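Report on one structure; see the data block that follows.
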Amino acid sequence: VTLARKLDQDLDLYRVVCPVGVCLVIFEARPEVVVNIACLAIKSGNAAILKGGKEATRTNKALAEAIQYAISTTEAQEGQTKFPEKAVQVVSTRDEISGLLDMDRYVDLVIPRGSKSLVQYIQNNTRIPVLGHADGICSTYLDESADAKKAVHTVVDAKTSYPAACNSTETLLVHKNVVNTVFVEVAQALVKAGVRLHADERALQAIEAAGITKGDGASLVSKASDDDFGHEYTDMDLAIRVVDTIDDAIDHINALGSKHTDAIITEDRKNAEWFMRRVDAAGVYWNASTRFADGFRYGFGTEIGVSTNKTHARGPAGLEGLTIYKYYLFGNGQASGDYGVGDGKRGYMHKDIPLDGDVRNKFVI
């Protein structure tokens, strides 16, 4: 129970968590996803139809059979319904997926995990709600009060710890007042780590003035084009742009970002909070690497994926991403016409019922 409210005497309203229903999860290779999603589905009471990459077809099938065997040999606890053996299934062909994408009456949620082309294909070919993201264009902004040590540590991690991840920083925005100071230290560290820098004119001038382009650094620095911004490299590449104000940085992110995760490096709390309120993203960070956008790091355990949607789940989605809610109303013969203004009409109490342990778990079987 996440909400409890007494509307009137003998008229109590409860908002109760429940499963989404049937979830179709489409992913590329990575057979461990079968186990991860199956566990989340079982724990949340959902059914899961899984489609993995053809490279792991037999592995996916074997894992699904093992999970179905475990379900079939597990007895239900007293008062509970036995979990259906076929609630976790694997499909293997593209034709099966095309058919399932048309079954909006039976499939409640589609979760695509994979390339941009895969996600966009799913989004364009179904009426079923889609949870996921097509791009991971994350930005980090060095504010004018950025601490150099923090900037170096967070930016290098955000770009190099796993460049192919959707939470890797792809764009570095730099306030003009730190382009010849903090930014230079960050650029030196990035080049040392082997990152290819695609810098705009002002950033390039600072890099050259600091001597970073000498020696081995020459091959790692180039002038950025417009196509570099708003681009997901998934590699050891980073687009760099110098901005005049924090609002310019915010405007850039909201225009060219993917609403995934963006960070500000600053010692100014006011600027940090302004950035975090104004940037439209599932995750907004202050003095932290964008690589923290992960269900495990958030303490969710495994995750069904990262959502940039503005629906029931946003950001790294774990167990709660497979749940929704419904309203329970307990009455005693009341009609809506009994309430209103005038003779004989009743008024609503609208009194919240405290969510203590007994209320919160009132409908847990």
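To be explicit about the labels: the chains of the structure tokens are called A, B, and onward in the order shown, and within each one the residues are counted from 1, while ligands get numbers from 1 in the order they are shown.
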
If you take only C-alpha atoms and a cut-off of 10 Å, which residues of region 82-114 of chain A touch region 292-311 of chain A, and what are their nearest atom pairs and distances in Å to one decimal, in chain and number order, as a tab-separated table?
residue	atom	partner	partner_atom	distance
A:Ile111	CA	A:Gly305	CA	7.6
A:Pro112	CA	A:Gly305	CA	8.3
A:Arg113	CA	A:Gly305	CA	6.7
A:Gly114	CA	A:Gly305	CA	9.7

Selection export as a CSV table (one decimal), in the first residue's frame, atoms kept: all heavy atoms:
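Writing the result to again_38.csv gives the following:
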chain,number,residue,atom,x,y,z
A,111,ILE,N,10.1,-4.1,-23.4
A,111,ILE,CA,11.4,-3.5,-22.9
A,111,ILE,C,12.5,-3.9,-23.8
A,111,ILE,O,13.0,-5.1,-23.8
A,111,ILE,CB,11.7,-4.1,-21.5
A,111,ILE,CG1,10.5,-3.8,-20.5
A,111,ILE,CG2,13.0,-3.4,-20.9
A,111,ILE,CD1,10.6,-4.5,-19.2
A,112,PRO,N,12.9,-3.1,-24.7
A,112,PRO,CA,14.0,-3.4,-25.6
A,112,PRO,C,15.4,-3.0,-25.0
A,112,PRO,O,15.5,-1.9,-24.5
A,112,PRO,CB,13.7,-2.5,-26.9
A,112,PRO,CG,13.0,-1.3,-26.3
A,112,PRO,CD,12.3,-1.8,-25.1
A,113,ARG,N,16.3,-3.9,-25.0
A,113,ARG,CA,17.7,-3.6,-24.5
A,113,ARG,C,18.7,-3.9,-25.6
A,113,ARG,O,18.9,-5.0,-26.0
A,113,ARG,CB,17.9,-4.5,-23.3
A,113,ARG,CG,17.0,-4.2,-22.1
A,113,ARG,CD,17.3,-5.1,-20.9
A,113,ARG,NE,18.7,-5.2,-20.6
A,113,ARG,CZ,19.2,-5.6,-19.4
A,113,ARG,NH1,18.3,-5.8,-18.4
A,113,ARG,NH2,20.4,-5.7,-19.2
A,114,GLY,N,19.3,-2.9,-26.1
A,114,GLY,CA,20.3,-3.1,-27.2
A,114,GLY,C,20.6,-1.8,-27.9
A,114,GLY,O,20.6,-0.7,-27.3

Show me, as a PyMOL selection string, the residues that have an atom within 9 Å of Gly347 (chain A) when counting only C-alpha atoms, minus same-chain residues fewer than 4 positions from it. chain A and resi 7-8+338-341

Leaving out region 248-257 of chain A and any residue of its chain fewer than 6 positions from it, which residues lie within 6 Å of it when counting only C-alpha atoms, given as JSON, numbers by chain? {"A": [137, 230, 279]}

Please produce a file of the residues just selected, as a CSV table (one decimal), in the first residue's frame, where the atoms kept are N, CA, C and O atoms.
chain,number,residue,atom,x,y,z
A,137,ILE,N,23.2,9.8,-24.6
A,137,ILE,CA,24.1,10.9,-24.8
A,137,ILE,C,24.2,11.7,-23.5
A,137,ILE,O,23.4,12.6,-23.3
A,230,GLY,N,25.7,15.9,-29.7
A,230,GLY,CA,24.5,15.1,-29.8
A,230,GLY,C,24.7,13.7,-30.4
A,230,GLY,O,23.8,13.1,-30.9
A,279,VAL,N,17.8,20.9,-16.0
A,279,VAL,CA,18.2,19.8,-17.0
A,279,VAL,C,17.1,18.7,-17.0
A,279,VAL,O,16.7,18.2,-15.9

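When the distance limit is 6 Å and only C-alpha atoms are what count, the residues near region 85-94 of chain A, minus those fewer than 6 positions from it on the same chain, are Ala47, Ala48, Ile49, Leu50, Lys51, Gln68, Ile71 and Ser72 of chain A.
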
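Taking region 279-330 of chain A and asking which residues DSSP calls helix (DSSP H, G or I) on the backbone, you get A:Thr290, A:Arg291, A:Phe292, A:Leu319, A:Glu320, A:Gly321, A:Leu322.
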
Output the selection as a CSV table (one decimal), in the first residue's frame - C-alpha atoms for each residue.
chain,number,residue,atom,x,y,z
A,290,THR,CA,27.5,9.8,-14.9
A,291,ARG,CA,28.6,6.1,-14.7
A,292,PHE,CA,26.6,5.9,-11.4
A,319,LEU,CA,11.9,-4.4,-9.4
A,320,GLU,CA,9.7,-1.3,-9.1
A,321,GLY,CA,9.9,-0.8,-12.9
A,322,LEU,CA,7.9,-4.0,-13.3

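Near region 151-163 of chain A, within 7 Å and counting only C-alpha atoms, sit Ala146, Asp147, Ala148, Lys149, Ala165, Ser168, Thr169, Glu185, Val186, Ala189, Leu190, Thr234, Asp235, Met236, Ile265, Ala288, Ser289, Thr290 and Arg291 of chain A, not including residues fewer than 2 positions from it in the same chain.
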
Keeping only C-alpha atoms, write those residues as a PDB file, in the first residue's frame.
ATOM      1  CA  ALA A 146      34.693  23.462 -10.507  1.00  0.00           C
ATOM      2  CA  ASP A 147      37.367  21.866  -8.331  1.00  0.00           C
ATOM      3  CA  ALA A 148      40.173  20.583 -10.555  1.00  0.00           C
ATOM      4  CA  LYS A 149      40.806  17.385  -8.599  1.00  0.00           C
ATOM      5  CA  ALA A 165      27.953   1.962 -21.742  1.00  0.00           C
ATOM      6  CA  SER A 168      29.290   7.074 -20.372  1.00  0.00           C
ATOM      7  CA  THR A 169      29.840  10.818 -20.821  1.00  0.00           C
ATOM      8  CA  GLU A 185      44.062  19.569 -16.317  1.00  0.00           C
ATOM      9  CA  VAL A 186      41.054  17.492 -17.353  1.00  0.00           C
ATOM     10  CA  ALA A 189      44.283  13.479 -17.980  1.00  0.00           C
ATOM     11  CA  LEU A 190      41.910  12.422 -20.780  1.00  0.00           C
ATOM     12  CA  THR A 234      30.275   4.403 -27.395  1.00  0.00           C
ATOM     13  CA  ASP A 235      34.068   4.605 -27.694  1.00  0.00           C
ATOM     14  CA  MET A 236      37.065   6.524 -26.357  1.00  0.00           C
ATOM     15  CA  ILE A 265      31.050  19.727 -11.441  1.00  0.00           C
ATOM     16  CA  ALA A 288      29.735  12.641  -9.484  1.00  0.00           C
ATOM     17  CA  SER A 289      30.419  10.530 -12.571  1.00  0.00           C
ATOM     18  CA  THR A 290      27.538   9.804 -14.937  1.00  0.00           C
ATOM     19  CA  ARG A 291      28.575   6.141 -14.701  1.00  0.00           C
TER      20      ARG A 291
END

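Using only C-alpha atoms, the protein and nucleic acid residues lying no more than 7 Å from region 201-204 of chain A, apart from those fewer than 5 places from it along its own chain, are Val179, Lys223, Ile240, Arg241 and Val242 of chain A.
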
Do you know which residues are at most 8 Å from Trp286 (chain A) counting only C-alpha atoms, after dropping those on the same chain fewer than 4 positions away, and could you put them as a ChimeraX atom specification? /A:263-266,272,276

Could those selected residues go to a file with N, CA, C and O atoms, as a compact mmCIF listing (two decimals), in the first residue's frame?
# COMPACT_ATOMS: atom_id res chain seq x y z
N ALA A 263 25.69 15.59 -15.61
CA ALA A 263 26.34 15.97 -14.35
C ALA A 263 26.92 17.37 -14.42
O ALA A 263 27.30 17.85 -15.49
N ILE A 264 26.99 18.01 -13.26
CA ILE A 264 27.67 19.30 -13.11
C ILE A 264 28.78 19.14 -12.07
O ILE A 264 28.59 18.51 -11.03
N ILE A 265 29.93 19.70 -12.38
CA ILE A 265 31.05 19.73 -11.44
C ILE A 265 31.20 21.17 -10.98
O ILE A 265 31.53 22.05 -11.78
N THR A 266 30.91 21.43 -9.72
CA THR A 266 30.91 22.80 -9.21
C THR A 266 31.03 22.79 -7.70
O THR A 266 30.66 21.81 -7.04
N ALA A 272 24.54 24.28 -8.67
CA ALA A 272 24.27 22.84 -8.77
C ALA A 272 22.77 22.57 -8.74
O ALA A 272 22.24 21.80 -9.57
N MET A 276 20.36 21.05 -11.67
CA MET A 276 19.62 19.81 -11.44
C MET A 276 18.11 20.01 -11.63
O MET A 276 17.41 19.08 -12.03
